[in-house]
>>> print(open('run-v3.cif').read())   # mmCIF, C-alpha atoms
data_run
loop_
_atom_site.label_atom_id
_atom_site.label_comp_id
_atom_site.auth_asym_id
_atom_site.auth_seq_id
_atom_site.Cartn_x
_atom_site.Cartn_y
_atom_site.Cartn_z
CA MET A 1 174.18 107.33 -62.72
CA THR A 2 174.31 111.08 -63.13
CA SER A 3 171.91 113.29 -64.95
CA LYS A 4 172.25 116.95 -65.77
CA LYS A 5 169.17 119.10 -65.51
CA VAL A 6 169.01 122.27 -67.57
CA VAL A 7 166.00 124.45 -68.34
CA THR A 8 165.61 124.09 -72.10
CA LYS A 9 163.60 126.29 -74.45
CA LYS A 10 161.02 123.53 -74.90
CA GLY A 11 160.71 123.17 -71.14
CA MET A 12 160.29 126.94 -70.85
CA ILE A 13 157.47 126.93 -73.43
CA TYR A 14 155.61 124.20 -71.50
CA ARG A 15 156.03 126.10 -68.25
CA ILE A 16 154.88 129.38 -69.75
CA ALA A 17 151.85 127.63 -71.25
CA PHE A 18 150.99 126.15 -67.85
CA ILE A 19 151.40 129.55 -66.15
CA ALA A 20 149.19 131.17 -68.81
CA ILE A 21 146.49 128.53 -68.27
CA LEU A 22 146.63 129.09 -64.49
CA MET A 23 146.30 132.85 -64.87
CA VAL A 24 143.54 132.67 -67.49
CA VAL A 25 141.56 130.26 -65.27
CA GLY A 26 142.16 132.58 -62.31
CA ILE A 27 140.95 135.66 -64.20
CA THR A 28 137.92 133.75 -65.59
CA LEU A 29 136.94 132.55 -62.12
CA ASN A 30 137.20 136.10 -60.80
CA LEU A 31 135.20 137.49 -63.73
CA TYR A 32 132.33 135.06 -63.16
CA ASN A 33 132.62 135.40 -59.38
CA ILE A 34 133.22 131.69 -58.87
CA GLY A 35 135.07 130.50 -55.76
CA SER A 36 134.93 133.88 -54.07
CA ASN A 37 133.48 132.49 -50.88
CA GLU A 38 136.36 133.61 -48.62
CA PHE A 39 138.76 130.96 -49.87
CA PHE A 40 141.48 130.44 -47.22
CA GLY A 41 140.08 133.16 -45.06
CA GLN A 42 140.04 136.22 -47.27
CA SER A 43 140.86 135.76 -50.94
CA THR A 44 139.26 134.01 -53.89
CA VAL A 45 140.30 130.85 -55.76
CA GLY A 46 141.00 133.02 -58.83
CA ASN A 47 143.31 135.35 -56.89
CA TYR A 48 145.31 132.42 -55.53
CA LEU A 49 145.73 130.97 -59.03
CA ILE A 50 147.00 134.36 -60.25
CA TYR A 51 149.44 134.60 -57.29
CA ILE A 52 150.74 131.10 -58.05
CA GLY A 53 151.17 132.14 -61.70
CA PHE A 54 153.27 135.16 -60.70
CA VAL A 55 155.44 133.10 -58.33
CA MET A 56 155.97 130.52 -61.08
CA ILE A 57 156.97 133.27 -63.55
CA LEU A 58 159.54 134.50 -61.02
CA VAL A 59 160.99 131.04 -60.29
CA THR A 60 161.04 130.00 -63.98
CA SER A 61 162.75 133.24 -65.02
CA ILE A 62 165.42 132.91 -62.33
CA ASN A 63 166.11 129.30 -63.34
CA TYR A 64 166.25 130.19 -67.02
CA PHE A 65 168.57 133.15 -66.67
CA LYS A 66 170.91 131.35 -64.28
CA LYS A 67 171.48 128.72 -66.99
CA ARG A 68 173.41 126.60 -64.54
CA GLU A 69 173.56 122.86 -65.03
CA LYS A 70 172.07 121.07 -62.07
CA ILE A 71 173.77 117.75 -61.42
CA ILE A 72 171.64 114.98 -59.95
CA ASP A 73 173.93 112.15 -58.91
CA GLU A 74 173.33 108.71 -57.40
CA ARG A 75 173.68 109.95 -53.83
CA MET A 76 170.97 112.54 -54.39
CA GLU A 77 168.75 109.86 -55.96
CA MET A 78 169.27 107.69 -52.88
CA LEU A 79 168.46 110.62 -50.57
CA ARG A 80 165.31 111.37 -52.57
CA TYR A 81 164.18 107.77 -52.33
CA LYS A 82 164.83 107.54 -48.58
CA ALA A 83 163.17 110.92 -47.92
CA ALA A 84 160.13 109.83 -49.95
CA THR A 85 159.90 106.59 -47.95
CA ILE A 86 160.09 108.49 -44.65
CA THR A 87 157.47 110.98 -45.89
CA PHE A 88 155.15 108.16 -46.92
CA MET A 89 155.48 106.52 -43.49
CA ALA A 90 154.88 109.89 -41.80
CA PHE A 91 151.81 110.40 -44.01
CA ILE A 92 150.40 107.05 -42.86
CA PHE A 93 150.99 107.96 -39.19
CA VAL A 94 149.53 111.47 -39.63
CA SER A 95 146.47 110.02 -41.39
CA PHE A 96 146.01 107.50 -38.59
CA ALA A 97 146.33 110.26 -35.98
CA ILE A 98 143.76 112.36 -37.87
CA ILE A 99 141.31 109.43 -37.93
CA ILE A 100 141.71 108.97 -34.16
CA ILE A 101 141.41 112.72 -33.44
CA ASP A 102 138.36 113.00 -35.71
CA GLY A 103 136.78 110.08 -33.86
CA ILE A 104 137.31 111.74 -30.48
CA SER A 105 136.37 115.25 -31.52
CA PRO A 106 135.16 115.80 -35.13
CA ILE A 107 137.37 118.09 -37.25
CA THR A 108 135.21 120.95 -38.44
CA ILE A 109 137.64 123.02 -40.54
CA ARG A 110 136.93 123.45 -44.23
CA TYR A 111 137.97 120.71 -46.62
CA SER A 112 140.17 123.00 -48.79
CA LEU A 113 141.97 124.32 -45.71
CA PHE A 114 142.40 120.83 -44.28
CA ILE A 115 143.93 119.46 -47.48
CA SER A 116 146.22 122.47 -47.84
CA TYR A 117 147.52 121.94 -44.27
CA LEU A 118 148.05 118.27 -45.06
CA VAL A 119 149.95 119.02 -48.29
CA CYS A 120 152.12 121.62 -46.52
CA THR A 121 152.85 119.16 -43.69
CA ILE A 122 153.90 116.50 -46.19
CA LEU A 123 156.19 118.96 -47.99
CA VAL A 124 157.76 120.11 -44.72
CA ILE A 125 158.32 116.50 -43.61
CA TYR A 126 159.95 115.70 -46.98
CA ILE A 127 162.27 118.72 -46.81
CA ILE A 128 163.26 118.00 -43.19
CA ALA A 129 163.82 114.29 -43.97
CA TYR A 130 165.97 115.20 -47.00
CA LYS A 131 168.06 117.71 -45.02
CA VAL A 132 168.59 115.29 -42.13
CA LEU A 133 169.58 112.47 -44.51
CA GLU A 134 171.91 114.84 -46.35
CA ARG A 135 173.85 115.32 -43.12
CA LYS A 136 173.89 111.59 -42.43
CA TYR A 137 175.04 110.43 -45.86
CA MET B 30 183.67 101.70 -46.33
CA LYS B 31 187.03 103.45 -46.00
CA THR B 32 188.55 105.31 -48.90
CA LYS B 33 191.89 106.76 -49.86
CA ILE B 34 190.28 109.43 -52.03
CA LYS B 35 191.49 112.32 -49.88
CA GLU B 36 195.11 111.15 -49.81
CA LEU B 37 195.20 110.35 -53.53
CA ARG B 38 193.46 113.60 -54.37
CA LYS B 39 195.99 115.60 -52.37
CA GLU B 40 198.87 113.67 -53.92
CA GLN B 41 197.64 114.71 -57.35
CA LYS B 42 196.70 118.21 -56.21
CA ILE B 43 193.07 117.89 -57.22
CA THR B 44 190.33 119.70 -55.35
CA GLN B 45 187.03 118.07 -54.38
CA GLU B 46 185.31 120.30 -56.92
CA GLU B 47 187.64 119.18 -59.73
CA LEU B 48 187.27 115.50 -58.88
CA ALA B 49 183.50 115.93 -58.70
CA GLU B 50 183.52 117.46 -62.18
CA MET B 51 185.70 114.66 -63.53
CA VAL B 52 183.33 111.93 -62.32
CA GLU B 53 180.14 113.99 -62.85
CA VAL B 54 178.87 114.11 -59.30
CA THR B 55 178.41 116.92 -56.81
CA ARG B 56 181.17 118.11 -54.50
CA GLN B 57 179.04 117.01 -51.54
CA THR B 58 179.12 113.43 -52.81
CA ILE B 59 182.92 113.47 -52.95
CA ASN B 60 182.97 114.87 -49.42
CA SER B 61 180.61 112.11 -48.21
CA LEU B 62 182.79 109.47 -49.85
CA GLU B 63 185.91 110.88 -48.20
CA GLN B 64 184.21 110.87 -44.81
CA GLY B 65 183.10 107.26 -45.38
CA ARG B 66 179.45 108.21 -44.97
CA TYR B 67 178.34 107.02 -48.38
CA ASN B 68 179.07 103.79 -50.25
CA PRO B 69 179.35 104.41 -53.99
CA SER B 70 177.93 102.27 -56.77
CA LEU B 71 180.36 100.12 -58.74
CA GLU B 72 180.13 102.56 -61.65
CA LEU B 73 181.07 105.57 -59.51
CA ALA B 74 183.84 103.64 -57.73
CA TYR B 75 185.28 102.71 -61.13
CA LYS B 76 185.08 106.31 -62.40
CA ILE B 77 186.83 107.63 -59.27
CA THR B 78 189.54 104.97 -59.54
CA LYS B 79 190.21 105.99 -63.14
CA ALA B 80 190.10 109.71 -62.30
CA LEU B 81 192.68 109.15 -59.58
CA LYS B 82 194.84 107.21 -62.05
CA LYS B 83 194.70 103.89 -60.22
CA ASP B 84 194.24 100.46 -61.78
CA LYS B 85 192.19 98.65 -59.18
CA ILE B 86 189.15 99.76 -57.21
CA GLU B 87 190.83 98.22 -54.12
CA ASP B 88 193.59 100.83 -54.44
CA VAL B 89 191.04 103.52 -53.59
CA PHE B 90 188.27 101.80 -51.64
CA ILE B 91 188.80 99.55 -48.64
CA ILE B 92 185.95 97.30 -47.56
CA GLU B 93 185.82 96.90 -43.79
CA ASP B 94 184.73 93.59 -42.26
#
>>> encode(input="run-v3.cif", output="structure tokens")
Amino acid sequence: MTSKKVVTKKGMIYRIAFIAILMVVGITLNLYNIGSNEFFGQSTVGNYLIYIGFVMILVTSINYFKKREKIIDERMEMLRYKAATITFMAFIFVSFAIIIIDGISPITIRYSLFISYLVCTILVIYIIAYKVLERKY
Amino acid sequence: MKTKIKELRKEQKITQEELAEMVEVTRQTINSLEQGRYNPSLELAYKITKALKKDKIEDVFIIED
């Protein structure tokens, strides 16, 4: 069960459209001064959307110009599945720990910041789990 | 699971990269198979057997009790 992943023209168009939407929303939010209440410490929601747009342009361009076929074989699928299972279990434990901690001493950080930390933690756990499993299998 | 992939590959002077290309997997997967760290699916085992010009899967893969 092998699949080959290549960035096609159609895929590029969808990505560019998504990037354009992100950037237009970002600029609009900045223009109307929405979400400028020190989002993540210093910037605005609009600025972050524009940054993400630029990063996506960079990543998409690199992938497109490399034009290298990316093979996804059965071993990689298995690793993905196992890493996802480990991440899910870790998410349950982290959530449980957060509930306990919040019960002892209420968490007072902002909701957006809290969720972003949680998402980053999940991503880091997934990457670590994948890398560890890659060495094992 | 033990395999004879490495020996057969060397006999036929094929690199891991070449074998990987022949059976459409990554080089890392071939390496894992050679080290006995990963058990392949029946489909992959069959493809490798054919790529190494053997008739039976048992000629390449040895199941340990």
>>> resolve_selection(input="run-v3.cif", expression="the PyMOL selection byres ((chain A) within 10 of (chain B))", output="list in words")
Met1, Thr2, Ser3, Lys4, Lys70, Ile71, Ile72, Asp73, Glu74, Arg75, Met76, Glu134, Arg135, Lys136 and Tyr137 of chain A
>>> residues_around(input="run-v3.cif", residues="range 111-120 of chain A", least_positions_apart="2", cutoff="9 Å", atoms="all atoms listed in the file", output="PyMOL selection string")
chain A and resi 39-40+91+94+108-109+122-125
>>> atom_distance(input="run-v3.cif", atom1="CA of Met78 in chain A", atom2="CA of Ile127 in chain A")
14.4 Å
>>> resolve_selection(input="run-v3.cif", expression="the PyMOL selection byres ((chain B and resi 30-47) around 7)", output="ChimeraX atom specification")
/B:48-51,56,59,63,65,68,81,89-93
>>> residues_around(input="run-v3.cif", residues="range 14-31 of chain A", least_positions_apart="4", cutoff="6 Å", atoms="only C-alpha atoms", output="number ranges by chain")
A: 46, 49-50, 53
>>> atom_distance(input="run-v3.cif", atom1="CA of Lys67 in chain A", atom2="CA of Lys10 in chain A")
14.1 Å
>>> atom_distance(input="run-v3.cif", atom1="CA of Thr87 in chain A", atom2="CA of Val59 in chain A")
24.9 Å
>>> resolve_selection(input="run-v3.cif", expression="the PyMOL selection byres ((chain A and resi 63) around 12)", output="list in words")
Lys5, Val6, Val7, Thr8, Lys9, Gly11, Met12, Arg15, Met56, Ile57, Leu58, Val59, Thr60, Ser61, Ile62, Tyr64, Phe65, Lys66, Lys67, Arg68, Glu69 and Lys70 of chain A
>>> decode(input="run-v3.cif", residues="chain B", atoms="C-alpha atoms", output="mmCIF file, in the first residue's frame")
data_model
loop_
_atom_site.group_PDB
_atom_site.id
_atom_site.type_symbol
_atom_site.label_atom_id
_atom_site.label_comp_id
_atom_site.auth_asym_id
_atom_site.auth_seq_id
_atom_site.Cartn_x
_atom_site.Cartn_y
_atom_site.Cartn_z
ATOM 1 C CA MET B 30 10.630 -11.928 11.610
ATOM 2 C CA LYS B 31 14.026 -12.702 10.074
ATOM 3 C CA THR B 32 14.748 -11.915 6.463
ATOM 4 C CA LYS B 33 17.343 -12.783 3.878
ATOM 5 C CA ILE B 34 16.834 -9.489 2.046
ATOM 6 C CA LYS B 35 20.350 -8.216 2.759
ATOM 7 C CA GLU B 36 22.068 -11.391 1.547
ATOM 8 C CA LEU B 37 19.901 -11.691 -1.563
ATOM 9 C CA ARG B 38 20.277 -8.008 -2.303
ATOM 10 C CA LYS B 39 24.060 -8.234 -2.083
ATOM 11 C CA GLU B 40 24.077 -11.368 -4.225
ATOM 12 C CA GLN B 41 22.264 -9.452 -6.943
ATOM 13 C CA LYS B 42 24.249 -6.262 -6.345
ATOM 14 C CA ILE B 43 21.207 -4.149 -5.617
ATOM 15 C CA THR B 44 21.355 -1.222 -3.220
ATOM 16 C CA GLN B 45 18.686 -0.527 -0.603
ATOM 17 C CA GLU B 46 17.667 2.528 -2.603
ATOM 18 C CA GLU B 47 17.215 0.491 -5.794
ATOM 19 C CA LEU B 48 15.203 -2.216 -4.058
ATOM 20 C CA ALA B 49 13.071 0.456 -2.399
ATOM 21 C CA GLU B 50 12.346 1.978 -5.804
ATOM 22 C CA MET B 51 11.487 -1.420 -7.274
ATOM 23 C CA VAL B 52 8.901 -2.180 -4.590
ATOM 24 C CA GLU B 53 7.765 1.455 -4.164
ATOM 25 C CA VAL B 54 8.672 1.985 -0.543
ATOM 26 C CA THR B 55 11.208 4.197 1.193
ATOM 27 C CA ARG B 56 14.811 3.171 1.775
ATOM 28 C CA GLN B 57 14.158 3.347 5.528
ATOM 29 C CA THR B 58 11.497 0.651 5.193
ATOM 30 C CA ILE B 59 13.957 -1.673 3.442
ATOM 31 C CA ASN B 60 16.472 -0.974 6.202
ATOM 32 C CA SER B 61 13.875 -1.764 8.894
ATOM 33 C CA LEU B 62 12.972 -5.002 7.131
ATOM 34 C CA GLU B 63 16.627 -6.026 6.928
ATOM 35 C CA GLN B 64 17.107 -5.316 10.628
ATOM 36 C CA GLY B 65 13.983 -7.363 11.415
ATOM 37 C CA ARG B 66 12.339 -4.397 13.109
ATOM 38 C CA TYR B 67 9.299 -4.274 10.865
ATOM 39 C CA ASN B 68 6.994 -7.050 9.657
ATOM 40 C CA PRO B 69 5.784 -6.366 6.115
ATOM 41 C CA SER B 70 2.283 -6.865 4.773
ATOM 42 C CA LEU B 71 1.682 -9.852 2.509
ATOM 43 C CA GLU B 72 1.594 -7.518 -0.500
ATOM 44 C CA LEU B 73 4.990 -5.988 0.289
ATOM 45 C CA ALA B 74 6.514 -9.386 1.110
ATOM 46 C CA TYR B 75 5.307 -10.661 -2.269
ATOM 47 C CA LYS B 76 6.697 -7.621 -4.115
ATOM 48 C CA ILE B 77 10.093 -8.003 -2.419
ATOM 49 C CA THR B 78 10.182 -11.725 -3.202
ATOM 50 C CA LYS B 79 9.521 -10.995 -6.873
ATOM 51 C CA ALA B 80 12.041 -8.128 -6.935
ATOM 52 C CA LEU B 81 14.693 -10.446 -5.521
ATOM 53 C CA LYS B 82 13.794 -13.045 -8.158
ATOM 54 C CA LYS B 83 12.607 -15.715 -5.742
ATOM 55 C CA ASP B 84 9.551 -17.931 -6.134
ATOM 56 C CA LYS B 85 8.368 -18.314 -2.570
ATOM 57 C CA ILE B 86 7.959 -15.760 0.192
ATOM 58 C CA GLU B 87 9.606 -18.311 2.539
ATOM 59 C CA ASP B 88 12.806 -17.974 0.494
ATOM 60 C CA VAL B 89 13.123 -14.389 1.703
ATOM 61 C CA PHE B 90 11.206 -14.185 4.983
ATOM 62 C CA ILE B 91 11.643 -16.566 7.900
ATOM 63 C CA ILE B 92 8.959 -16.640 10.574
ATOM 64 C CA GLU B 93 10.415 -17.252 14.021
ATOM 65 C CA ASP B 94 8.472 -19.290 16.578
#
